[in-house]
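Colleague: Encoded as structure tokens, here's the structure I'll be asking about.
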Amino acid sequence: MQTDGSLSVSPVTGSTTGRITSIDVVRGLVMVIMALDHVRDLLHVTATDQDPTNLATTTAPLFLTRWITHLCAPTFVFLSGTSAYLSLRKRNDGVARQFLLKRGLVLILFELTIVNFAFWFEIPFRALLLQVIYAIGAGFVILSVLARFPARTLGIVGLVILFGHNLLALVTLPPNPTLGFVWALLFQTNFFQLSPDFAVLVGYPVVPWLGIMLVGFGLGPLFEKPLHERKRQLTRLGLGALLLFVGLRFLNGYGDGAPWSVQATPMFTVLSFINVSKYPPSLLYSLLMLGIALLLLAWSDGVSNTMSRVLTVYGAVPMFYYILHWYMVHLILLGLLVLQGFSLANLNPAPFSFGRPKGSGVELSWVYLVWAGVVIGLYPLCRWYGRYKAAHPEKGWLRYV
């Protein structure tokens with residue numbers, strides 16, 4: 001066990017191991033931020049009919065509320081790769097890689113069942129949303145095959161994907177629905193109305209997010225270095241990624257399908273500059289968000305204070321938190337609808353409306369209040385589950401949640 005680490009649960013083995021403090025702290029931080037985005041998605045008054053990053057219709061507070069949550073998915077996927085490396089470093093054999101495969105398949109199953117039920121609260125689903133848990137699960141499945149190769153090699157492959165996958169926007173597919181669906185699963189966010197009563201939204205195509213996971217895996221050896229060296233290199237990498245983002249973004253050329261432009265006010269010009277594409281994650285999106293994540297990892301490494309200990313509680317049980325917070329937010333939505341005078345007959349059956357009828361929802365200030373309540377309410381549950389999981393390593397099913 002490292003002297004600057006803390007006890008937390010490995011996402012691969014599910015066992016309690018010596019871990020680098022900053023991994024659980026930063027993962028806990030982005031999970032707390034993530035809940036803000038999902039509270040906004042379900043409760044904000046304009047969430048069902050307005051894009052918060054559309055500069056023609058948004059406000060600066062609404063834009064930034066959405067933008068800050070862009071940090072969550074790439075950080076979570078990156079740290080999944082790093083944690084996989086750290087879990088496999090002492091036992092990278094067939095048994096360990098087979099568990100990584102099973103872990104990935106379980107995550108995909110969770111996404112298709114209990115996570116999507118948390119979105120829609122109905123059976124059968126009218127829509128299926130494939131997002132971050134699906135992408136991490138698919139990444140673990142692929143990594144279970146690739147993990148036999150050196151971490152440096154996989155990190156280079158990840159960088160090639162990160163820097164090159166924007167070129168796929170130039171590919172024109174023949175008009176074949178099956179090919180288009182497979183292409184979307186692998187490379188491109190897309191929506192498919194498969195029947196009048198069932199649709200699929202591929203929000204997180206596998207390959208671009210796999211690139212981020214492989215970069216995290218490739219940087220795994222960095223976390224085995226002494227604290228001072230680790231902090232220095234993480235800081236350099238984070239600043240380098242942000243400088244590269246600024247340079248490429250200023251040129252308005254390669255790296256993102258949405259160019260920036262001068263707006264009516266300096267504030268909105270800045271917002272345009274940082275308004276990068278998440279679906280799928282563009283090169284500039286990845287550089288900006290991973291640059292911030294690397295700096296957070298550097299700054300929090302070796303830190304032990306009240307905030308770091310609180311964030312570690314969330315970061316040590318990521319899947320438990322993720323599932324629970326969706327159910328809590330959706331139940332709050334139903335309670336809000338009742339308080340606003342709506343009945344079950346008023347629920348909106350349209351896919352991706354979360355059942356919200358027109359005229360429902362709350363303003364942004366209430367979104368922040370509900371978000372704070374959700375995060376605070378989840379703390380004792382996450383603390384209990386983390387301790388229960390650590391105390392019962394013999395319970396195999398705990399390794400998957």
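Identifiers in this document derive from the order of the structure tokens: chains are assigned A, B, ..., residues are numbered from 1 separately in each chain, and ligands are numbered from 1 in order of occurrence.
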Applying 6 Å and only C-alpha atoms, which residues near Val206 in chain A remain after dropping the ones on its own chain fewer than 2 positions away? List them as a list in words.
Modeller: Ala135, Leu186, Pro208, Trp209 and Leu210 of chain A
Colleague: Taking N, CA and C atoms for each residue, export the selection above as a PDB file, in the first residue's frame.
Modeller:
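Listing of result.pdb after writing:
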ATOM      1  N   ALA A 135     -20.562   2.670 -22.755  1.00  0.00           N
ATOM      2  CA  ALA A 135     -19.243   2.913 -23.353  1.00  0.00           C
ATOM      3  C   ALA A 135     -18.132   2.344 -22.479  1.00  0.00           C
ATOM      4  N   LEU A 186     -20.175   2.091 -33.176  1.00  0.00           N
ATOM      5  CA  LEU A 186     -18.716   2.149 -33.095  1.00  0.00           C
ATOM      6  C   LEU A 186     -18.161   3.568 -33.106  1.00  0.00           C
ATOM      7  N   PRO A 208     -14.483   6.250 -30.030  1.00  0.00           N
ATOM      8  CA  PRO A 208     -13.915   7.491 -29.484  1.00  0.00           C
ATOM      9  C   PRO A 208     -13.704   7.444 -27.973  1.00  0.00           C
ATOM     10  N   TRP A 209     -14.654   6.825 -27.246  1.00  0.00           N
ATOM     11  CA  TRP A 209     -14.500   6.735 -25.795  1.00  0.00           C
ATOM     12  C   TRP A 209     -13.466   5.689 -25.409  1.00  0.00           C
ATOM     13  N   LEU A 210     -13.306   4.652 -26.227  1.00  0.00           N
ATOM     14  CA  LEU A 210     -12.230   3.692 -25.999  1.00  0.00           C
ATOM     15  C   LEU A 210     -10.878   4.387 -26.074  1.00  0.00           C
TER      16      LEU A 210
END
Colleague: Where does range 306-381 of chain A meet range 22-27 of chain A within 7 Å, residue by residue, with the nearest atom pair and distance in Å to one decimal for each, counting only C-alpha atoms, listed by chain and rising number, as JSON lines?
Modeller:
{"residue": "A:Ser308", "atom": "CA", "partner": "A:Val25", "partner_atom": "CA", "distance": 5.7}
{"residue": "A:Leu311", "atom": "CA", "partner": "A:Val25", "partner_atom": "CA", "distance": 5.1}
{"residue": "A:Thr312", "atom": "CA", "partner": "A:Val25", "partner_atom": "CA", "distance": 4.8}
{"residue": "A:Gly315", "atom": "CA", "partner": "A:Asp24", "partner_atom": "CA", "distance": 4.5}
{"residue": "A:Ala316", "atom": "CA", "partner": "A:Asp24", "partner_atom": "CA", "distance": 5.8}
Colleague: Give me every helix (DSSP H, G or I) residue in range 296-366 of chain A, going by DSSP on the backbone, as number ranges by chain.
Modeller: A: 296-300, 306-315, 318-339, 344-346, 364-366
Colleague: Identify, on the basis of only C-alpha atoms, every residue whose closest approach to range 268-281 of chain A does not exceed 9 Å; exclude the query and any residue fewer than 2 positions from it along the same chain; express the result as an mmCIF file with N, CA, C and O atoms, in the first residue's frame.
Modeller:
data_model
loop_
_atom_site.group_PDB
_atom_site.id
_atom_site.type_symbol
_atom_site.label_atom_id
_atom_site.label_comp_id
_atom_site.auth_asym_id
_atom_site.auth_seq_id
_atom_site.Cartn_x
_atom_site.Cartn_y
_atom_site.Cartn_z
ATOM 1 N N THR A 53 -26.420 24.763 -24.666
ATOM 2 C CA THR A 53 -25.198 25.288 -25.270
ATOM 3 C C THR A 53 -25.462 26.008 -26.589
ATOM 4 O O THR A 53 -24.511 26.399 -27.276
ATOM 5 N N LEU A 55 -25.925 29.110 -28.340
ATOM 6 C CA LEU A 55 -25.645 30.485 -27.959
ATOM 7 C C LEU A 55 -26.733 31.452 -28.398
ATOM 8 O O LEU A 55 -26.795 32.583 -27.895
ATOM 9 N N ALA A 60 -25.674 32.774 -20.016
ATOM 10 C CA ALA A 60 -24.352 32.363 -19.543
ATOM 11 C C ALA A 60 -24.443 31.378 -18.371
ATOM 12 O O ALA A 60 -23.739 30.352 -18.365
ATOM 13 N N PHE A 63 -25.573 27.988 -19.817
ATOM 14 C CA PHE A 63 -24.494 27.401 -20.610
ATOM 15 C C PHE A 63 -23.428 26.790 -19.708
ATOM 16 O O PHE A 63 -23.008 25.648 -19.901
ATOM 17 N N LEU A 64 -22.976 27.545 -18.723
ATOM 18 C CA LEU A 64 -21.899 27.067 -17.850
ATOM 19 C C LEU A 64 -22.345 25.911 -16.967
ATOM 20 O O LEU A 64 -21.537 25.039 -16.624
ATOM 21 N N TRP A 67 -21.913 23.199 -19.389
ATOM 22 C CA TRP A 67 -20.534 23.041 -19.846
ATOM 23 C C TRP A 67 -19.660 22.391 -18.787
ATOM 24 O O TRP A 67 -18.840 21.521 -19.106
ATOM 25 N N HIS A 70 -19.481 18.719 -18.765
ATOM 26 C CA HIS A 70 -18.730 18.031 -19.824
ATOM 27 C C HIS A 70 -17.486 17.351 -19.263
ATOM 28 O O HIS A 70 -16.946 16.422 -19.878
ATOM 29 N N PRO A 74 -15.555 12.162 -19.772
ATOM 30 C CA PRO A 74 -14.172 11.811 -20.143
ATOM 31 C C PRO A 74 -13.285 11.515 -18.942
ATOM 32 O O PRO A 74 -12.413 10.641 -19.019
ATOM 33 N N LEU A 162 -7.798 9.392 -30.438
ATOM 34 C CA LEU A 162 -8.180 10.735 -30.042
ATOM 35 C C LEU A 162 -7.894 11.755 -31.141
ATOM 36 O O LEU A 162 -8.741 12.602 -31.452
ATOM 37 N N ASN A 166 -11.759 12.268 -35.641
ATOM 38 C CA ASN A 166 -12.525 13.334 -36.272
ATOM 39 C C ASN A 166 -12.520 13.222 -37.800
ATOM 40 O O ASN A 166 -13.422 13.743 -38.472
ATOM 41 N N PHE A 187 -18.739 4.443 -33.950
ATOM 42 C CA PHE A 187 -18.047 5.697 -34.232
ATOM 43 C C PHE A 187 -18.856 6.986 -34.064
ATOM 44 O O PHE A 187 -18.279 8.021 -33.768
ATOM 45 N N GLN A 188 -20.150 6.975 -34.276
ATOM 46 C CA GLN A 188 -20.864 8.223 -34.471
ATOM 47 C C GLN A 188 -22.178 8.268 -33.706
ATOM 48 O O GLN A 188 -23.002 7.362 -33.830
ATOM 49 N N THR A 189 -22.400 9.297 -32.912
ATOM 50 C CA THR A 189 -23.680 9.484 -32.244
ATOM 51 C C THR A 189 -24.801 9.589 -33.273
ATOM 52 O O THR A 189 -24.679 10.321 -34.269
ATOM 53 N N ASN A 190 -25.895 8.852 -33.038
ATOM 54 C CA ASN A 190 -27.007 8.892 -33.986
ATOM 55 C C ASN A 190 -28.282 8.399 -33.314
ATOM 56 O O ASN A 190 -28.243 7.705 -32.294
ATOM 57 N N GLY A 203 -25.718 7.475 -27.830
ATOM 58 C CA GLY A 203 -25.113 8.709 -27.359
ATOM 59 C C GLY A 203 -23.602 8.628 -27.234
ATOM 60 O O GLY A 203 -22.906 9.625 -27.415
ATOM 61 N N TYR A 204 -23.093 7.432 -26.931
ATOM 62 C CA TYR A 204 -21.659 7.239 -26.671
ATOM 63 C C TYR A 204 -21.115 6.123 -27.549
ATOM 64 O O TYR A 204 -21.042 4.965 -27.120
ATOM 65 N N PRO A 205 -20.738 6.412 -28.787
ATOM 66 C CA PRO A 205 -20.146 5.382 -29.637
ATOM 67 C C PRO A 205 -18.840 4.868 -29.034
ATOM 68 O O PRO A 205 -18.082 5.621 -28.406
ATOM 69 N N PRO A 208 -14.483 6.250 -30.030
ATOM 70 C CA PRO A 208 -13.915 7.491 -29.484
ATOM 71 C C PRO A 208 -13.704 7.444 -27.973
ATOM 72 O O PRO A 208 -12.693 7.948 -27.460
ATOM 73 N N TRP A 209 -14.654 6.825 -27.246
ATOM 74 C CA TRP A 209 -14.500 6.735 -25.795
ATOM 75 C C TRP A 209 -13.466 5.689 -25.409
ATOM 76 O O TRP A 209 -12.777 5.827 -24.388
ATOM 77 N N VAL A 246 -5.961 25.345 -26.899
ATOM 78 C CA VAL A 246 -6.073 26.762 -27.240
ATOM 79 C C VAL A 246 -5.523 27.021 -28.642
ATOM 80 O O VAL A 246 -6.140 27.735 -29.452
ATOM 81 N N ARG A 249 -7.837 25.325 -31.285
ATOM 82 C CA ARG A 249 -9.140 25.982 -31.300
ATOM 83 C C ARG A 249 -9.052 27.353 -31.945
ATOM 84 O O ARG A 249 -9.941 27.767 -32.698
ATOM 85 N N PHE A 250 -7.978 28.080 -31.668
ATOM 86 C CA PHE A 250 -7.806 29.411 -32.251
ATOM 87 C C PHE A 250 -7.731 29.345 -33.765
ATOM 88 O O PHE A 250 -8.269 30.216 -34.468
ATOM 89 N N ASP A 256 -12.641 19.845 -34.235
ATOM 90 C CA ASP A 256 -14.012 19.971 -33.742
ATOM 91 C C ASP A 256 -14.899 20.430 -34.899
ATOM 92 O O ASP A 256 -14.521 21.332 -35.664
ATOM 93 N N GLY A 257 -16.075 19.815 -34.983
ATOM 94 C CA GLY A 257 -16.980 20.128 -36.075
ATOM 95 C C GLY A 257 -17.732 21.426 -35.907
ATOM 96 O O GLY A 257 -18.411 21.874 -36.845
ATOM 97 N N ALA A 258 -17.630 22.065 -34.742
ATOM 98 C CA ALA A 258 -18.351 23.312 -34.483
ATOM 99 C C ALA A 258 -17.345 24.439 -34.272
ATOM 100 O O ALA A 258 -16.803 24.593 -33.168
ATOM 101 N N PRO A 259 -17.048 25.235 -35.290
ATOM 102 C CA PRO A 259 -16.067 26.320 -35.133
ATOM 103 C C PRO A 259 -16.582 27.410 -34.202
ATOM 104 O O PRO A 259 -17.786 27.603 -34.056
ATOM 105 N N TRP A 260 -15.644 28.121 -33.570
ATOM 106 C CA TRP A 260 -16.023 29.242 -32.725
ATOM 107 C C TRP A 260 -16.095 30.505 -33.566
ATOM 108 O O TRP A 260 -15.564 30.574 -34.666
ATOM 109 N N SER A 261 -16.757 31.515 -33.031
ATOM 110 C CA SER A 261 -16.873 32.779 -33.760
ATOM 111 C C SER A 261 -17.048 33.918 -32.772
ATOM 112 O O SER A 261 -17.435 33.713 -31.614
ATOM 113 N N VAL A 262 -16.757 35.129 -33.232
ATOM 114 C CA VAL A 262 -16.949 36.323 -32.401
ATOM 115 C C VAL A 262 -18.443 36.560 -32.226
ATOM 116 O O VAL A 262 -19.215 36.532 -33.186
ATOM 117 N N GLN A 263 -18.840 36.788 -30.965
ATOM 118 C CA GLN A 263 -20.245 36.974 -30.643
ATOM 119 C C GLN A 263 -20.530 38.435 -30.277
ATOM 120 O O GLN A 263 -19.639 39.289 -30.335
ATOM 121 N N ALA A 264 -21.759 38.703 -29.899
ATOM 122 C CA ALA A 264 -22.177 40.074 -29.614
ATOM 123 C C ALA A 264 -21.486 40.648 -28.387
ATOM 124 O O ALA A 264 -21.331 41.867 -28.272
ATOM 125 N N THR A 265 -21.075 39.786 -27.447
ATOM 126 C CA THR A 265 -20.390 40.254 -26.240
ATOM 127 C C THR A 265 -19.126 39.430 -26.027
ATOM 128 O O THR A 265 -19.022 38.285 -26.499
ATOM 129 N N PRO A 266 -18.129 39.998 -25.322
ATOM 130 C CA PRO A 266 -16.920 39.213 -25.033
ATOM 131 C C PRO A 266 -17.216 37.913 -24.290
ATOM 132 O O PRO A 266 -16.578 36.892 -24.548
ATOM 133 N N LEU A 283 -11.651 15.884 -30.715
ATOM 134 C CA LEU A 283 -10.285 16.032 -30.217
ATOM 135 C C LEU A 283 -10.189 17.223 -29.269
ATOM 136 O O LEU A 283 -9.593 17.121 -28.189
ATOM 137 N N LEU A 284 -10.787 18.357 -29.647
ATOM 138 C CA LEU A 284 -10.667 19.550 -28.815
ATOM 139 C C LEU A 284 -11.436 19.386 -27.502
ATOM 140 O O LEU A 284 -10.992 19.868 -26.458
ATOM 141 N N TYR A 285 -12.578 18.742 -27.556
ATOM 142 C CA TYR A 285 -13.313 18.431 -26.330
ATOM 143 C C TYR A 285 -12.437 17.595 -25.401
ATOM 144 O O TYR A 285 -12.329 17.871 -24.201
ATOM 145 N N SER A 286 -11.801 16.571 -25.946
ATOM 146 C CA SER A 286 -10.979 15.674 -25.129
ATOM 147 C C SER A 286 -9.772 16.408 -24.555
ATOM 148 O O SER A 286 -9.424 16.229 -23.377
ATOM 149 N N LEU A 288 -9.454 19.630 -23.911
ATOM 150 C CA LEU A 288 -9.886 20.584 -22.895
ATOM 151 C C LEU A 288 -10.272 19.886 -21.606
ATOM 152 O O LEU A 288 -9.800 20.249 -20.513
#
Colleague: Report the distance between CA of Lys395 in chain A and CA of Gly220 in chain A in Å, rounded to one decimal place.
Modeller: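 Interatomic distance, CA of Lys395 in chain A to CA of Gly220 in chain A: 27.8 Å.
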Colleague: Could you tell me how far CA of Thr235 in chain A lies from CA of Gly291 in chain A, in Å and to one decimal?
Modeller: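 Interatomic distance, CA of Thr235 in chain A to CA of Gly291 in chain A: 8.9 Å.
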Colleague: Tell me, as a PDB file with N, CA and C atoms, in the first residue's frame, which residues lie within 8 Å of range 138-140 of chain A, counting only C-alpha atoms; anything in the same chain fewer than 4 positions away does not count.
Modeller:
ATOM      1  N   LEU A 100     -12.268  -8.754 -16.085  1.00  0.00           N
ATOM      2  CA  LEU A 100     -12.475  -7.471 -16.752  1.00  0.00           C
ATOM      3  C   LEU A 100     -13.524  -7.619 -17.859  1.00  0.00           C
ATOM      4  N   LEU A 101     -13.470  -8.729 -18.586  1.00  0.00           N
ATOM      5  CA  LEU A 101     -14.483  -9.016 -19.609  1.00  0.00           C
ATOM      6  C   LEU A 101     -15.866  -9.127 -18.981  1.00  0.00           C
ATOM      7  N   ARG A 103     -16.861  -7.978 -16.132  1.00  0.00           N
ATOM      8  CA  ARG A 103     -17.234  -6.668 -15.593  1.00  0.00           C
ATOM      9  C   ARG A 103     -17.820  -5.780 -16.690  1.00  0.00           C
ATOM     10  N   GLY A 104     -17.187  -5.806 -17.853  1.00  0.00           N
ATOM     11  CA  GLY A 104     -17.683  -5.014 -18.975  1.00  0.00           C
ATOM     12  C   GLY A 104     -19.058  -5.463 -19.427  1.00  0.00           C
ATOM     13  N   LEU A 105     -19.266  -6.768 -19.517  1.00  0.00           N
ATOM     14  CA  LEU A 105     -20.568  -7.292 -19.945  1.00  0.00           C
ATOM     15  C   LEU A 105     -21.659  -6.954 -18.930  1.00  0.00           C
ATOM     16  N   ILE A 108     -22.679  -3.327 -19.426  1.00  0.00           N
ATOM     17  CA  ILE A 108     -23.562  -3.189 -20.586  1.00  0.00           C
ATOM     18  C   ILE A 108     -24.966  -3.659 -20.225  1.00  0.00           C
ATOM     19  N   TYR A 134     -22.602   2.128 -20.863  1.00  0.00           N
ATOM     20  CA  TYR A 134     -22.431   1.274 -22.050  1.00  0.00           C
ATOM     21  C   TYR A 134     -21.031   1.433 -22.637  1.00  0.00           C
ATOM     22  N   SER A 144     -10.098  -6.115 -22.149  1.00  0.00           N
ATOM     23  CA  SER A 144      -9.785  -7.458 -21.650  1.00  0.00           C
ATOM     24  C   SER A 144      -8.972  -8.248 -22.668  1.00  0.00           C
ATOM     25  N   VAL A 206     -18.579   3.593 -29.247  1.00  0.00           N
ATOM     26  CA  VAL A 206     -17.532   2.900 -28.490  1.00  0.00           C
ATOM     27  C   VAL A 206     -16.132   3.426 -28.774  1.00  0.00           C
ATOM     28  N   TRP A 209     -14.654   6.825 -27.246  1.00  0.00           N
ATOM     29  CA  TRP A 209     -14.500   6.735 -25.795  1.00  0.00           C
ATOM     30  C   TRP A 209     -13.466   5.689 -25.409  1.00  0.00           C
ATOM     31  N   LEU A 210     -13.306   4.652 -26.227  1.00  0.00           N
ATOM     32  CA  LEU A 210     -12.230   3.692 -25.999  1.00  0.00           C
ATOM     33  C   LEU A 210     -10.878   4.387 -26.074  1.00  0.00           C
ATOM     34  N   MET A 213     -10.228   5.865 -22.782  1.00  0.00           N
ATOM     35  CA  MET A 213      -9.903   4.827 -21.805  1.00  0.00           C
ATOM     36  C   MET A 213      -8.485   4.305 -22.000  1.00  0.00           C
TER      37      MET A 213
END
Colleague: Residues within 12 Å of Gly164 in chain A, please, as an MDAnalysis selection string. Count only C-alpha atoms; anything in the same chain fewer than 3 positions from it doesn't count.
Modeller: chainID A and resid 156:161 167:170 187 207:208 211 254:256 281:284
Colleague: Which is closer to Gly377 in chain A than all the others in A:Ala73, A:Ala35, A:Ile20, A:Ile212, using only C-alpha atoms?
Modeller: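 So, comparing all the options, the nearest one is A:Ala35.
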Colleague: Tell me which protein, DNA and RNA residues are within 10 Å of Arg236 in chain A, counting only C-alpha atoms, leaving out same-chain ones fewer than 3 positions away, and put them as a short mmCIF file (atom, residue, chain, number, x, y, z; two decimals) with all heavy atoms, in the first residue's frame.
Modeller:
data_model
loop_
_atom_site.label_atom_id
_atom_site.label_comp_id
_atom_site.auth_asym_id
_atom_site.auth_seq_id
_atom_site.Cartn_x
_atom_site.Cartn_y
_atom_site.Cartn_z
N ARG A 230 5.06 12.41 -9.82
CA ARG A 230 3.73 12.21 -10.38
C ARG A 230 3.00 13.54 -10.53
O ARG A 230 2.40 13.84 -11.56
CB ARG A 230 2.96 11.27 -9.47
CG ARG A 230 1.65 10.75 -10.04
CD ARG A 230 1.18 9.58 -9.21
NE ARG A 230 0.79 9.93 -7.85
CZ ARG A 230 1.20 9.31 -6.77
NH1 ARG A 230 2.04 8.30 -6.85
NH2 ARG A 230 0.76 9.69 -5.57
N LYS A 231 3.04 14.35 -9.48
CA LYS A 231 2.37 15.65 -9.52
C LYS A 231 2.97 16.54 -10.60
O LYS A 231 2.24 17.23 -11.34
CB LYS A 231 2.48 16.34 -8.16
CG LYS A 231 1.64 15.70 -7.07
CD LYS A 231 1.88 16.34 -5.72
CE LYS A 231 1.28 17.71 -5.62
NZ LYS A 231 -0.19 17.67 -5.49
N ARG A 232 4.29 16.52 -10.74
CA ARG A 232 4.94 17.36 -11.74
C ARG A 232 4.55 16.93 -13.15
O ARG A 232 4.21 17.77 -14.00
CB ARG A 232 6.46 17.29 -11.57
CG ARG A 232 7.22 18.23 -12.52
CD ARG A 232 8.71 18.17 -12.34
NE ARG A 232 9.26 16.91 -12.83
CZ ARG A 232 9.75 15.96 -12.05
NH1 ARG A 232 9.74 16.11 -10.74
NH2 ARG A 232 10.26 14.86 -12.57
N GLN A 233 4.57 15.63 -13.41
CA GLN A 233 4.25 15.16 -14.75
C GLN A 233 2.76 15.35 -15.08
O GLN A 233 2.41 15.69 -16.21
CB GLN A 233 4.66 13.70 -14.90
CG GLN A 233 6.17 13.49 -14.88
CD GLN A 233 6.56 12.10 -15.36
OE1 GLN A 233 5.87 11.50 -16.17
NE2 GLN A 233 7.67 11.59 -14.85
N LEU A 239 -1.31 20.98 -18.48
CA LEU A 239 -1.06 22.27 -19.11
C LEU A 239 -0.78 22.12 -20.60
O LEU A 239 -1.24 22.93 -21.41
CB LEU A 239 0.10 22.97 -18.42
CG LEU A 239 -0.15 23.44 -16.98
CD1 LEU A 239 1.13 24.01 -16.37
CD2 LEU A 239 -1.27 24.47 -16.93
N GLY A 240 -0.05 21.06 -20.96
CA GLY A 240 0.23 20.82 -22.37
C GLY A 240 -1.04 20.57 -23.16
O GLY A 240 -1.21 21.08 -24.28
N ALA A 241 -1.96 19.77 -22.60
CA ALA A 241 -3.22 19.49 -23.28
C ALA A 241 -4.04 20.78 -23.45
O ALA A 241 -4.63 21.02 -24.52
CB ALA A 241 -4.03 18.46 -22.50
N LEU A 242 -4.06 21.63 -22.43
CA LEU A 242 -4.82 22.87 -22.52
C LEU A 242 -4.19 23.85 -23.51
O LEU A 242 -4.91 24.53 -24.27
CB LEU A 242 -4.92 23.52 -21.13
CG LEU A 242 -5.76 22.76 -20.10
CD1 LEU A 242 -5.75 23.48 -18.76
CD2 LEU A 242 -7.19 22.58 -20.58
N GLY A 291 -7.36 17.84 -20.07
CA GLY A 291 -6.37 18.76 -19.52
C GLY A 291 -6.78 19.23 -18.14
O GLY A 291 -5.97 19.26 -17.20
N LEU A 294 -6.45 16.26 -15.66
CA LEU A 294 -5.07 15.98 -15.27
C LEU A 294 -4.58 16.99 -14.22
O LEU A 294 -3.86 16.62 -13.28
CB LEU A 294 -4.17 16.00 -16.50
CG LEU A 294 -4.34 14.81 -17.45
CD1 LEU A 294 -3.65 15.08 -18.79
CD2 LEU A 294 -3.79 13.53 -16.83
N LEU A 295 -4.97 18.24 -14.37
CA LEU A 295 -4.58 19.24 -13.37
C LEU A 295 -5.27 18.95 -12.04
O LEU A 295 -4.65 19.10 -10.97
CB LEU A 295 -4.94 20.64 -13.86
CG LEU A 295 -4.12 21.17 -15.04
CD1 LEU A 295 -4.57 22.57 -15.43
CD2 LEU A 295 -2.63 21.17 -14.72
N ALA A 298 -3.38 16.24 -10.40
CA ALA A 298 -2.11 16.72 -9.85
C ALA A 298 -2.34 17.50 -8.55
O ALA A 298 -1.64 17.29 -7.55
CB ALA A 298 -1.41 17.60 -10.87
#
Colleague: Can you work out the spacing between CA of Leu219 in chain A and CA of Asp37 in chain A in Å, to one decimal?
Modeller: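 According to the coordinates, CA of Leu219 in chain A and CA of Asp37 in chain A are separated by 28.1 Å.
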Colleague: Using only C-alpha atoms, which residues of range 18-37 of chain A come within 12 Å of range 350-371 of chain A, and what is the closest atom pair for each, with the distance in Å to one decimal? Give it as a tab-separated table, sorted by chain and residue number.
Modeller:
residue	atom	partner	partner_atom	distance
A:Met31	CA	A:Trp371	CA	11.7
A:Val32	CA	A:Trp371	CA	8.8
A:Ile33	CA	A:Trp371	CA	9.0
A:Met34	CA	A:Trp371	CA	9.7
A:Ala35	CA	A:Trp371	CA	6.5
A:Leu36	CA	A:Trp371	CA	5.4
A:Asp37	CA	A:Trp371	CA	8.8
Colleague: Measuring between only C-alpha atoms, which one of A:Val313, A:Ala184, A:Val145, A:Val374 shows the shortest distance to Asp93 in chain A?
Modeller: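 The closest residue to Asp93 in chain A is A:Val145.
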Colleague: Using only C-alpha atoms, pick whichever of A:Asn54, A:Thr153, A:Thr46, A:Thr59 has the shortest atom-to-atom distance to Met267 in chain A.
Modeller: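 Going through A:Asn54, A:Thr153, A:Thr46, A:Thr59 one by one, the smallest distance to Met267 in chain A is for A:Thr59.
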Colleague: Just checking: using only C-alpha atoms, which residue out of A:Ala391, A:Ile136, A:Leu334, A:Ile68 ends up closest to Trp120 in chain A?
Modeller: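 Of all the options, A:Leu334 lies closest to Trp120 in chain A.
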Colleague: For Leu248 in chain A, which residue among A:Gly94, A:Gly81, A:Leu287, A:Leu129 is the nearest when counting only C-alpha atoms?
Modeller: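 For Leu248 in chain A, the nearest of the given residues is A:Leu287.
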Colleague: Please determine, counting only C-alpha atoms, which residue among A:Leu324, A:Leu173, A:Val200, A:Leu222 has the shortest atom-to-atom distance to Arg126 in chain A.
Modeller: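 The answer is A:Val200, which sits nearest to Arg126 in chain A.
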Colleague: Tell me, as a PyMOL selection string, which residues lie within 12 Å of Met319 in chain A, counting only C-alpha atoms; anything in the same chain fewer than 4 positions away does not count.
Modeller: chain A and resi 9-12+14+27-28+31+76+80+103+106-107+110-111+114-115+132-133+136-137+314-315+323-326+382+385-386+398-401
